[in-house]
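Shown below: run31.cif, with mmCIF, C-alpha atoms and all ligand atoms.
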data_structure
loop_
_atom_site.label_atom_id
_atom_site.label_comp_id
_atom_site.auth_asym_id
_atom_site.auth_seq_id
_atom_site.Cartn_x
_atom_site.Cartn_y
_atom_site.Cartn_z
CA MET H 15 115.88 109.29 98.28
CA ASN H 16 112.75 111.00 99.51
CA GLU H 17 110.96 108.01 100.94
CA ILE H 18 107.76 109.82 101.82
CA GLU H 19 106.87 111.16 98.39
CA ASN H 20 108.09 108.22 96.34
CA VAL H 21 105.44 105.55 95.89
CA ILE H 22 107.89 103.25 94.13
CA SER H 23 111.64 103.54 93.72
CA LEU H 24 113.93 101.32 91.68
CA ARG H 25 117.59 101.31 92.59
CA ALA H 26 120.23 99.80 90.29
CA VAL H 27 117.66 97.40 88.89
CA GLY H 28 118.80 94.85 86.32
CA LYS H 29 116.98 91.96 84.74
CA THR H 30 118.53 89.06 82.89
CA PHE H 31 116.62 86.13 81.47
CA ILE H 32 118.39 82.88 80.85
CA SER H 33 117.21 81.29 77.64
CA GLY H 34 118.92 77.92 77.20
CA GLU H 35 122.58 78.65 77.84
CA THR H 36 122.46 82.27 76.83
CA PRO H 37 121.73 85.11 79.25
CA ILE H 38 119.63 87.90 77.76
CA HIS H 39 120.13 91.24 79.48
CA ILE H 40 116.88 93.19 79.32
CA LEU H 41 117.34 95.92 81.95
CA GLU H 42 120.55 97.31 83.36
CA ASP H 43 121.25 99.59 86.31
CA ILE H 44 117.89 101.38 86.30
CA ASP H 45 117.22 104.08 88.90
CA PHE H 46 113.66 105.32 88.73
CA ASP H 47 111.16 107.00 91.07
CA ILE H 48 107.41 107.32 90.80
CA GLN H 49 106.04 110.02 93.04
CA SER H 50 102.63 110.28 94.57
CA GLY H 51 100.06 111.50 92.03
CA GLN H 52 102.58 111.49 89.16
CA SER H 53 101.76 110.00 85.75
CA ILE H 54 104.62 108.50 83.76
CA ALA H 55 104.52 106.99 80.28
CA VAL H 56 107.05 104.45 79.06
CA THR H 57 107.43 103.87 75.35
CA GLY H 58 109.90 101.78 73.40
CA LYS H 59 110.17 99.21 70.64
CA SER H 60 108.54 95.82 70.91
CA GLY H 61 110.85 93.58 72.89
CA SER H 62 112.69 96.47 74.55
CA GLY H 63 111.56 95.31 78.00
CA LYS H 64 108.59 97.54 78.83
CA SER H 65 106.42 94.75 80.24
CA THR H 66 109.44 93.31 82.03
CA LEU H 67 109.97 96.71 83.69
CA LEU H 68 106.29 97.06 84.60
CA ASN H 69 106.20 93.58 86.10
CA ILE H 70 109.21 94.47 88.28
CA VAL H 71 107.71 97.82 89.34
CA GLY H 72 104.46 95.99 90.14
CA THR H 73 106.34 93.25 92.05
CA LEU H 74 104.92 90.55 89.75
CA ASP H 75 108.52 89.69 88.94
CA ARG H 76 111.72 90.16 90.92
CA PRO H 77 114.78 91.96 89.54
CA THR H 78 117.99 89.97 88.98
CA THR H 79 119.99 92.77 90.61
CA GLY H 80 119.06 95.90 92.54
CA SER H 81 116.02 96.70 94.67
CA VAL H 82 112.42 97.85 94.43
CA TYR H 83 111.12 100.01 97.27
CA PHE H 84 107.46 100.67 97.96
CA GLN H 85 106.97 103.80 100.09
CA GLY H 86 110.50 103.27 101.33
CA GLN H 87 110.14 99.58 102.14
CA ASP H 88 112.37 97.07 100.35
CA THR H 89 109.93 94.65 98.69
CA SER H 90 112.58 91.91 98.38
CA THR H 91 112.06 91.18 102.09
CA LEU H 92 108.47 90.03 101.41
CA THR H 93 107.66 86.39 100.68
CA ASP H 94 105.64 85.57 97.54
CA ARG H 95 102.55 85.17 99.69
CA GLU H 96 103.07 88.52 101.40
CA LEU H 97 103.72 90.09 98.01
CA SER H 98 100.40 88.97 96.56
CA GLN H 99 98.55 90.48 99.52
CA PHE H 100 100.65 93.59 99.21
CA ARG H 101 99.81 93.92 95.50
CA ASN H 102 96.10 93.44 96.03
CA THR H 103 96.07 96.41 98.41
CA ASN H 104 98.67 98.72 96.93
CA ILE H 105 98.81 98.32 93.17
CA GLY H 106 96.06 98.50 90.58
CA PHE H 107 96.87 96.62 87.38
CA ILE H 108 95.35 97.11 83.95
CA PHE H 109 96.59 94.92 81.10
CA GLN H 110 95.96 94.90 77.36
CA SER H 111 93.74 91.90 77.86
CA HIS H 112 91.18 92.72 80.53
CA LEU H 113 91.57 89.44 82.51
CA LEU H 114 88.04 89.64 83.92
CA LEU H 115 86.43 86.46 85.21
CA ASP H 116 83.70 85.34 82.79
CA ASP H 117 81.74 83.46 85.47
CA PHE H 118 81.19 86.66 87.44
CA ASN H 119 79.23 89.71 86.36
CA ALA H 120 80.66 93.22 85.99
CA LEU H 121 79.82 94.26 89.56
CA GLU H 122 81.26 91.08 91.06
CA ASN H 123 84.46 91.39 89.04
CA VAL H 124 85.01 94.89 90.43
CA CYS H 125 84.22 93.74 94.00
CA ILE H 126 86.66 90.81 94.02
CA PRO H 127 89.86 92.68 95.08
CA ALA H 128 87.98 94.23 98.03
CA LEU H 129 86.45 90.92 99.11
CA ILE H 130 89.91 89.30 99.02
CA LYS H 131 91.10 92.13 101.24
CA GLY H 132 88.28 91.44 103.71
CA MET H 133 85.93 94.35 103.05
CA ARG H 134 82.28 93.71 103.92
CA ALA H 135 80.23 92.72 100.85
CA GLN H 136 77.79 95.60 101.21
CA GLN H 137 80.55 98.18 101.48
CA ALA H 138 82.42 96.65 98.53
CA ARG H 139 79.26 96.74 96.47
CA ARG H 140 78.73 100.40 97.25
CA ARG H 141 82.24 101.38 96.14
CA ALA H 142 82.03 99.16 93.03
CA VAL H 143 78.70 100.65 91.93
CA GLU H 144 80.09 104.14 92.48
CA LEU H 145 83.06 103.35 90.21
CA LEU H 146 80.95 101.63 87.54
CA VAL H 147 78.56 104.59 87.44
CA ARG H 148 81.57 106.86 87.13
CA VAL H 149 82.73 105.03 83.96
CA GLY H 150 79.20 105.04 82.49
CA LEU H 151 78.36 101.37 83.05
CA GLU H 152 75.41 101.73 85.44
CA ASP H 153 73.28 99.70 83.00
CA ARG H 154 75.78 96.84 82.78
CA LEU H 155 76.21 95.82 86.44
CA SER H 156 74.85 92.32 86.02
CA HIS H 157 76.32 91.62 82.58
CA SER H 158 78.88 88.88 82.10
CA PRO H 159 82.14 90.17 80.56
CA LEU H 160 81.31 87.84 77.64
CA LYS H 161 78.39 90.08 76.74
CA LEU H 162 80.30 93.33 76.83
CA SER H 163 82.34 95.21 74.24
CA GLY H 164 86.12 95.46 74.47
CA GLY H 165 85.92 99.08 75.61
CA GLU H 166 83.32 98.24 78.27
CA ARG H 167 85.50 95.41 79.56
CA GLN H 168 88.49 97.74 79.86
CA ARG H 169 86.35 100.25 81.76
CA ILE H 170 85.47 97.46 84.19
CA ALA H 171 89.15 96.58 84.47
CA ILE H 172 89.87 100.22 85.37
CA CYS H 173 87.21 100.08 88.13
CA ARG H 174 88.68 96.83 89.44
CA ALA H 175 92.18 98.37 89.50
CA LEU H 176 90.91 101.32 91.56
CA MET H 177 88.67 99.28 93.86
CA ASN H 178 91.08 99.00 96.80
CA ASN H 179 92.16 102.60 96.42
CA PRO H 180 95.84 101.79 95.69
CA PRO H 181 98.28 104.72 95.49
CA ILE H 182 99.48 103.55 92.07
CA ILE H 183 98.00 102.21 88.83
CA ILE H 184 100.19 100.20 86.49
CA ALA H 185 98.83 99.91 82.98
CA ASP H 186 100.41 97.86 80.18
CA GLU H 187 98.93 98.86 76.80
CA PRO H 188 95.45 99.30 78.33
CA THR H 189 94.00 100.44 75.00
CA GLY H 190 96.16 98.20 72.82
CA SER H 191 93.38 95.89 71.71
CA LEU H 192 90.70 98.55 71.09
CA ASP H 193 89.72 100.45 67.97
CA GLU H 194 90.58 104.13 67.79
CA GLU H 195 87.29 105.47 69.09
CA SER H 196 86.93 103.25 72.14
CA SER H 197 90.67 103.52 72.74
CA GLN H 198 90.23 107.27 73.05
CA GLN H 199 87.22 106.87 75.32
CA VAL H 200 88.97 104.39 77.62
CA ALA H 201 92.10 106.59 77.77
CA ASP H 202 89.93 109.62 78.67
CA ILE H 203 88.25 107.70 81.51
CA LEU H 204 91.56 106.34 82.77
CA PHE H 205 93.20 109.78 82.91
CA GLU H 206 90.13 111.38 84.49
CA LEU H 207 89.84 108.78 87.24
CA VAL H 208 93.58 108.65 87.96
CA GLU H 209 93.53 112.42 88.38
CA GLU H 210 90.32 112.56 90.42
CA GLU H 211 91.49 109.82 92.75
CA HIS H 212 95.03 111.31 92.97
CA LYS H 213 96.78 108.16 91.83
CA ALA H 214 100.27 107.75 90.50
CA MET H 215 100.26 105.93 87.17
CA LEU H 216 102.89 104.09 85.18
CA LEU H 217 101.59 103.62 81.66
CA VAL H 218 103.13 101.64 78.83
CA THR H 219 101.74 102.64 75.47
CA HIS H 220 102.73 102.54 71.82
CA ASP H 221 100.49 105.51 71.22
CA ARG H 222 102.54 108.68 71.33
CA GLN H 223 99.48 110.89 71.79
CA THR H 224 98.35 108.98 74.87
CA ALA H 225 101.90 108.99 76.23
CA GLN H 226 102.01 112.78 75.83
CA ARG H 227 99.10 113.10 78.24
CA CYS H 228 101.33 111.89 81.08
CA ALA H 229 103.33 114.40 83.12
CA SER H 230 106.59 112.57 82.29
CA MET H 231 107.67 110.34 79.42
CA TYR H 232 110.51 107.86 79.15
CA LEU H 233 111.93 105.81 76.30
CA LEU H 234 113.18 102.33 77.11
CA GLN H 235 116.10 101.60 74.83
CA ASN H 236 119.34 99.63 75.16
CA ARG H 237 118.32 98.36 78.60
CA SER H 238 118.02 101.90 80.01
CA LEU H 239 115.37 104.54 80.53
CA GLN H 240 115.88 107.82 78.78
CA ARG H 241 113.75 110.75 79.87
CA LEU H 242 111.91 112.43 76.98
CA LYS H 243 109.71 114.81 78.97
N1 LIG H 301 110.23 84.92 81.05
C1 LIG H 301 111.06 85.21 80.05
N2 LIG H 301 112.08 84.39 79.72
C2 LIG H 301 112.94 84.71 78.71
N3 LIG H 301 112.86 85.85 78.00
C3 LIG H 301 111.88 86.70 78.30
C4 LIG H 301 110.92 86.44 79.33
N4 LIG H 301 110.07 87.48 79.38
C5 LIG H 301 110.45 88.34 78.43
N5 LIG H 301 111.55 87.89 77.78
C6 LIG H 301 112.26 88.58 76.70
O1 LIG H 301 112.57 89.87 77.14
C7 LIG H 301 112.44 90.82 76.09
C8 LIG H 301 111.55 91.96 76.55
O2 LIG H 301 110.21 91.48 76.65
P1 LIG H 301 109.00 92.43 77.09
O3 LIG H 301 107.79 91.60 77.07
O4 LIG H 301 109.36 93.11 78.35
O5 LIG H 301 109.01 93.48 75.89
P2 LIG H 301 108.00 94.68 75.59
O6 LIG H 301 108.83 95.93 75.45
O7 LIG H 301 106.91 94.69 76.59
O8 LIG H 301 107.44 94.28 74.15
P3 LIG H 301 105.96 94.51 73.52
O9 LIG H 301 105.93 95.97 73.11
O10 LIG H 301 105.96 93.63 72.32
O11 LIG H 301 104.93 94.17 74.53
C9 LIG H 301 111.92 90.05 74.89
O12 LIG H 301 112.99 89.81 74.02
C10 LIG H 301 111.39 88.77 75.48
O13 LIG H 301 111.53 87.72 74.58
MG MG H 302 104.84 94.31 76.51
#

Here is a file; write its structure as structure tokens.
Ligand SMILES: Nc1ncnc2c1ncn2[C@@H]1O[C@H](COP(=O)(O)OP(=O)(O)OP(=O)(O)O)[C@@H](O)[C@H]1O
Ligand SMILES: [Mg+2]
Amino acid sequence: MNEIENVISLRAVGKTFISGETPIHILEDIDFDIQSGQSIAVTGKSGSGKSTLLNIVGTLDRPTTGSVYFQGQDTSTLTDRELSQFRNTNIGFIFQSHLLLDDFNALENVCIPALIKGMRAQQARRRAVELLVRVGLEDRLSHSPLKLSGGERQRIAICRALMNNPPIIIADEPTGSLDEESSQQVADILFELVEEEHKAMLLVTHDRQTAQRCASMYLLQNRSLQRLK
């Protein structure tokens, strides 16, 4: 394993959920590397385990078997508290639902990860404004997420994910709840920013065209990842 280039490595990862008495095997013996700056799409049928895989890669969930390494470090050695700090610094998440805080405006929502990390407010504000301008929302800084369109909210979520400059972005159906036009616009912005900021990205999408824009593509099927591209 090349520990310097790999942002995240999965080794022999399996995941089993216990539902009542019955174990449900979702992932089995998965070996997978995401390298610095690399974009990877994961597709697969509903229920195949894509979100389960993303949550394990993003350390939101722990595997039943096997290990997840971040830049060579075994993340299973971290406590839950250490993991949440680790995630705030190292992983940018974008979900289908934007998960912005309605009581805070656009600028504040983008600043939050940096403030949690201890960045000075003025410096956080500068970086957040820079990102929001970059996604074309310079006129929406003080808007509540409640007063923004779905596409605008996802653009804010992209800024928030990039705020702490993490080496990797993990996106689970980031355009899944948008109409075709804003879906296209949000995907364009996401790919542009990920490239400009030299991020690795793991993207789950049902949309084959969006998946094709990634350097590599995998199909999750029968508990395993099959490389398509
Ligand atoms: N916490 C849990 N407990 C029990 N079963 C779970 C749990 N989380 C997910 N599952 C099951 O694992 C399977 C995979 O779920 P997952 O959400 O990863 O699928 P997905 O590929 O992301 O689907 P979709 O495309 O619909 O989002 C499903 O059958 C689901 O019911
Ligand atoms: Mg899912």

How would you write, as JSON, numbers by chain, the set of residues no farther than 9 Å from ligand LIG 301 (chain H) when counting only C-alpha atoms and all ligand atoms?
{"H": [30, 31, 32, 33, 37, 38, 39, 40, 41, 57, 58, 59, 60, 61, 62, 63, 64, 65, 66, 67, 68, 69, 186, 187, 218, 219, 220, 234]}

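When CA of Leu217 in chain H is paired with CA of Ile183 in chain H, their separation reads 8.1 Å.
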
List as number ranges by chain: which residues have an atom within 12 Å of (89.0, 91.0, 99.6), counting all atoms listed in the file?
H: 98-103, 122-135, 137-139, 174, 177-178

For ligand MG 302 (chain H), the nearest of the candidates H:Ile105, H:Gly150, H:Pro188, H:Ile22, counting all atoms listed in the file:
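Closest candidate: H:Pro188.
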
Non-local contacts of range 191-203 of chain H (8 Å; all atoms listed in the file; under 2 positions in same chain excluded) as a VMD selection string:
chain H and resid 110 to 111 149 164 to 165 168 to 169 188 to 189 205 to 207 224
